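Visitor: Just passing along the structure, written as structure tokens.
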Amino acid sequence: MSNPTGAAVRVERLVKHFGANEVLRGIDLEVARGDVVCVIGPSGSGKSTLLRCMNLIETPTAGRVFVGDDEITHHKADTNSLRSRMGMVFQSFNLFPHRTVIENIAMAPMVVKGLSKADAQARGMELLRRVGLEEKAGASPRSLSGGQQQRVAIARALAMEPEVMLFDEATSALDPELVGEVLAVMRELAEGGMTMVVVTHEMGFAREVCDRLVFMDGGVIVESGDPATVLSNPVHERTRRFLARVLEPEAEV
Amino acid sequence: MGTIGELFFSWDAVRPWLETLFRGFWVTIQLTFISLVFALTGGMILAVMRQTRSARGGIPRRIGAGLVRLLAIVYIDVFRGLPALLVIIILYVSLPFTNIPVLDTFTGFQVGILALSLVYAAYLAEIFRAGIESVERGQVEAARSLGMSNRQCLRKIVLPQAVRRVMPPLLNEFIILSKDTSLVGVIAVSEVVYVARGAQSVDLNSSPLTAAAVMFLVFTLPLIRIVDRYIERDRRRSGGGTVVIR
């Protein structure tokens with residue numbers, strides 16, 4: 001169970017099959033503490049599955065995943081407590097509709113960490129302030145816009161004080177005018193030193209915020225490196241074709 | 001003599017029986033609510049048993065989970081498939097001869113509660129199951145990604161949402177249960193239908209039966225209105241309803 005490199009998260013030869021469908025075909029990935037890694041690639045390339053396998057929402061077929069020094073895929077691992085060290089933000093927000101905004105944020109610290117309601121809610125208010133939504137504490141998630149819901153979801157994940165944040169296409173379900181407010185929160189988080197793995201279609205965000213860009217296709221990492229280099233000077237033909245389609249959708253053949 | 005009015009709506013024919021009828025209705029109410037509490041508990045346990053899955057863990061754990069699930073399925077199918085009346089009769093005539101402590105001395109009233117609880121636990125289990133399955137996968141994923149255990153996720157996230165969604169069918173089942181208590185009359189428990197029938201057979205006037213009907217309606221009609229309100233609210237929330245496009 002040792003992880004000599006001291007990375008925040010490390011993925012080793014990760015394989016995932018859905019029946020005969022090989023979604024991940026041997027992924028190796030290491031994210032250093034404080035780094036922001038963006039994962040891009042065409043739909044079906046396995047980037048979401050990679051993220052979901054990292055905190056075992058999806059059970060990997062083979063391979064190992066480490067959080068800090070602990071292997072989450074070890075058969076004796078305390079999956080629940082290791083999971084809580086990684087925060088996850090979903091495309092569809094997944095706020096708990098039967099609870100208010102502040103209860104959404106305070107629930108896991110109370111249930112999992114045993115915090116008192118007063119403590120959990122006080123810290124929840126701090127997080128709400130950070131995402132600019134303190135006036136919505138008592139509101140129902142239903143009454144919020146998509147962008148607001150996603151900011152609450154980020155605050156909810158942060159409430160568990162994770163070492164790593166995983167973003168699974170966090171802005172893909174949003175109306176275009178609401179994407180900015182969520183990206184702004186993510187950017188601030190990155191600047192605050194949070195370790196992040198971000199599956200995204202936002203090339204601007206990838207270029208400006210991330211330390212390393214990973215391009216996935218067909219269940220493998222095709223290319224990875226400095227974002228500016230990968231985006232403007234991709235080595236692989238597949239990366240080039242994908243970027244051409246994404247950056248100039250009109251020119252598609 | 002013999003007009004419909006006198007046969008069904010004679011106050012004079014009801015008055016001497018009024019206290020008996022009210023006492024009978026009180027028995028009906030008790031049968032309803034006590035059975036409901038047991039059926040809700042049993043139904044929830046059965047529904048959760050039926051959801052048991054073991055994604056991780058060795059072969060013994062998986063077989064164990066499979067057995068728990070199978071047990072729940074067999075129970076639910078059997079009791080959904082049997083008439084409540086038959087269950088009441090079987091238990092009433094057989095329990096005294098079983099030599100099972102406590103059970104072999106059950107009164108008719110207690111047998112009635114046992115039988116209705118057994119049967120309605122199966123019905124309510126199916127309703128709870130529908131509710132549990134209606135909660136989106138993303139809710140479970142969010143809860144688990146926050147570090148909640150399977151059990152915590154079920155208690156805090158899935159079941160509260162599931163129960164809320166199935167309130168209308170639960171209330172419906174509650175109404176049906178209250179009416180099915182009259183089946184217990186067959187084993188001479190003095191619920192309201194049984195005593196009204198007795199009164200009718202003495203005076204050969206049907207008005208006590210009408211009185212029993214009125215008591216039922218006073219109880220069930222408000223519940224029926226509440227169910228309708230729930231359904232209307234859900235309809236508005238989901239934007240459904242009668243759609244006419246010309």
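Simple scheme: letters A, B, ... for chains in structure tokens order, numbers from 1 for residues in each chain, numbers from 1 for ligands in the order shown.
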Distance limit 8 Å, atoms considered: only C-alpha atoms. Which chain A residues sit that close to chain B? Return them as a list in words.

Guide: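 On the chain A side, the interface is Asn55, Ile57, Asn80, Ser81, Leu82, Arg83, Ser84, Arg85, Met86, Gly87, Met88, Phe90, Ser92, Asn94, Leu95, Phe96, His98, Ala108, Val111, Val112, Ala157 and Met160 of chain A.
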
Visitor: Which polymer residues have any atom within 7 Å of an atom of Glu169 in chain A, counting only C-alpha atoms, with same-chain residues fewer than 5 positions away left out, as a PyMOL selection string?

Guide: chain A and resi 90-91+199-200

Visitor: If you run DSSP on the backbone here, which positions in range 29-112 of chain A get helix (DSSP H, G or I)? Please write them as JSON, numbers by chain.

Guide: {"A": [47, 48, 49, 50, 51, 52, 53, 54, 79, 80, 81, 82, 83, 101, 102, 103, 104, 105, 106, 107, 108, 109, 110, 111, 112]}

Visitor: Can you list, as a VMD selection string, every protein, DNA or RNA residue that comes within 9 Å of Arg69 in chain B when you count only C-alpha atoms, leaving out same-chain residues fewer than 3 positions away?

Guide: chain B and resid 46 48 to 53 64 to 66 72 to 74

Visitor: Write the residues you've just listed into a file as a PDB file, in the first residue's frame, and include N, CA, C and O atoms for each of them.

Guide:
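Generated output (selection-v8.pdb):
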ATOM      1  N   LEU B  46     -39.143  -5.305   4.126  1.00  0.00           N
ATOM      2  CA  LEU B  46     -39.175  -6.157   2.930  1.00  0.00           C
ATOM      3  C   LEU B  46     -38.620  -5.423   1.706  1.00  0.00           C
ATOM      4  O   LEU B  46     -37.865  -5.990   0.916  1.00  0.00           O
ATOM      5  N   VAL B  48     -36.482  -2.948   1.616  1.00  0.00           N
ATOM      6  CA  VAL B  48     -35.028  -2.802   1.720  1.00  0.00           C
ATOM      7  C   VAL B  48     -34.340  -4.142   1.473  1.00  0.00           C
ATOM      8  O   VAL B  48     -33.323  -4.217   0.778  1.00  0.00           O
ATOM      9  N   MET B  49     -34.937  -5.228   2.027  1.00  0.00           N
ATOM     10  CA  MET B  49     -34.378  -6.568   1.784  1.00  0.00           C
ATOM     11  C   MET B  49     -34.337  -6.861   0.288  1.00  0.00           C
ATOM     12  O   MET B  49     -33.387  -7.423  -0.234  1.00  0.00           O
ATOM     13  N   ARG B  50     -35.399  -6.453  -0.395  1.00  0.00           N
ATOM     14  CA  ARG B  50     -35.491  -6.750  -1.817  1.00  0.00           C
ATOM     15  C   ARG B  50     -34.468  -5.967  -2.628  1.00  0.00           C
ATOM     16  O   ARG B  50     -34.116  -6.343  -3.742  1.00  0.00           O
ATOM     17  N   GLN B  51     -33.968  -4.850  -2.054  1.00  0.00           N
ATOM     18  CA  GLN B  51     -32.980  -4.027  -2.762  1.00  0.00           C
ATOM     19  C   GLN B  51     -31.559  -4.492  -2.483  1.00  0.00           C
ATOM     20  O   GLN B  51     -30.606  -3.938  -3.023  1.00  0.00           O
ATOM     21  N   THR B  52     -31.400  -5.445  -1.582  1.00  0.00           N
ATOM     22  CA  THR B  52     -30.053  -5.836  -1.145  1.00  0.00           C
ATOM     23  C   THR B  52     -29.198  -6.271  -2.320  1.00  0.00           C
ATOM     24  O   THR B  52     -29.577  -7.130  -3.100  1.00  0.00           O
ATOM     25  N   ARG B  53     -28.047  -5.617  -2.434  1.00  0.00           N
ATOM     26  CA  ARG B  53     -27.073  -6.011  -3.446  1.00  0.00           C
ATOM     27  C   ARG B  53     -25.720  -5.973  -2.766  1.00  0.00           C
ATOM     28  O   ARG B  53     -25.489  -5.160  -1.886  1.00  0.00           O
ATOM     29  N   GLY B  64     -25.252 -14.529   0.334  1.00  0.00           N
ATOM     30  CA  GLY B  64     -26.079 -14.046   1.439  1.00  0.00           C
ATOM     31  C   GLY B  64     -27.056 -12.989   0.967  1.00  0.00           C
ATOM     32  O   GLY B  64     -28.256 -13.050   1.254  1.00  0.00           O
ATOM     33  N   ALA B  65     -26.543 -12.020   0.215  1.00  0.00           N
ATOM     34  CA  ALA B  65     -27.401 -10.949  -0.303  1.00  0.00           C
ATOM     35  C   ALA B  65     -28.487 -11.524  -1.207  1.00  0.00           C
ATOM     36  O   ALA B  65     -29.647 -11.119  -1.154  1.00  0.00           O
ATOM     37  N   GLY B  66     -28.107 -12.511  -2.021  1.00  0.00           N
ATOM     38  CA  GLY B  66     -29.075 -13.144  -2.919  1.00  0.00           C
ATOM     39  C   GLY B  66     -30.183 -13.845  -2.142  1.00  0.00           C
ATOM     40  O   GLY B  66     -31.352 -13.750  -2.514  1.00  0.00           O
ATOM     41  N   ALA B  72     -37.369 -12.144   0.465  1.00  0.00           N
ATOM     42  CA  ALA B  72     -38.312 -11.025   0.361  1.00  0.00           C
ATOM     43  C   ALA B  72     -39.234 -11.224  -0.840  1.00  0.00           C
ATOM     44  O   ALA B  72     -40.449 -11.013  -0.743  1.00  0.00           O
ATOM     45  N   ILE B  73     -38.671 -11.658  -1.960  1.00  0.00           N
ATOM     46  CA  ILE B  73     -39.480 -11.821  -3.174  1.00  0.00           C
ATOM     47  C   ILE B  73     -40.539 -12.902  -2.969  1.00  0.00           C
ATOM     48  O   ILE B  73     -41.712 -12.718  -3.304  1.00  0.00           O
ATOM     49  N   VAL B  74     -40.132 -14.031  -2.375  1.00  0.00           N
ATOM     50  CA  VAL B  74     -41.085 -15.124  -2.147  1.00  0.00           C
ATOM     51  C   VAL B  74     -42.210 -14.650  -1.238  1.00  0.00           C
ATOM     52  O   VAL B  74     -43.397 -14.846  -1.517  1.00  0.00           O
TER      53      VAL B  74
END

Visitor: Quick one: residues within 7 Å of Glu12 in chain A, only C-alpha atoms counted, chain neighbours fewer than 4 positions away excluded, as a PyMOL selection string?

Guide: chain A and resi 27-29+63-65

Visitor: Quick one: residues within 6 Å of range 37-40 of chain B, only C-alpha atoms, excluding same-chain residues fewer than 4 positions away - as a VMD selection string?

Guide: chain B and resid 117 120 to 121

Visitor: Write out as a PyMOL selection string each polymer residue whose atoms come within 12 Å of Glu181 in chain A, counting only C-alpha atoms; drop sequence neighbours fewer than 6 positions from it.

Guide: chain A and resi 131-133+145-152+154+170-171+174-175+187-188

Visitor: Could you name the residues that touch range 136-143 of chain A at 6 Å or less, counting only C-alpha atoms, but leaving out those on the same chain fewer than 4 positions away, as a list in words?

Guide: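 Close residues of range 136-143 of chain A: Pro97, Thr100, Val101 and Ile102 of chain A.
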
Visitor: Store the residues picked out above, limited to N, CA, C and O atoms, as a CSV table (one decimal), in the first residue's frame.

Guide:
chain,number,residue,atom,x,y,z
A,97,PRO,N,-32.8,17.1,-3.2
A,97,PRO,CA,-34.0,18.0,-3.4
A,97,PRO,C,-34.8,18.1,-2.1
A,97,PRO,O,-35.6,19.0,-2.0
A,100,THR,N,-32.7,21.7,2.3
A,100,THR,CA,-32.3,23.0,1.9
A,100,THR,C,-30.9,23.1,1.5
A,100,THR,O,-30.1,22.1,1.7
A,101,VAL,N,-30.5,24.2,0.9
A,101,VAL,CA,-29.1,24.4,0.5
A,101,VAL,C,-28.1,24.2,1.6
A,101,VAL,O,-27.1,23.4,1.4
A,102,ILE,N,-28.3,24.8,2.7
A,102,ILE,CA,-27.4,24.6,3.8
A,102,ILE,C,-27.3,23.2,4.4
A,102,ILE,O,-26.3,22.7,4.7

Visitor: In Å to one decimal, how far is CA of Leu21 in chain B from CA of Thr210 in chain B?

Guide: 10.9 Å

Visitor: Residues of range 8-251 of chain A in strand (DSSP E) according to DSSP, as an MDAnalysis selection string?

Guide: chainID A and resid 9:18 21:31 36:40 62:67 70:71 86:89 164:168 195:199 212:217 220:225
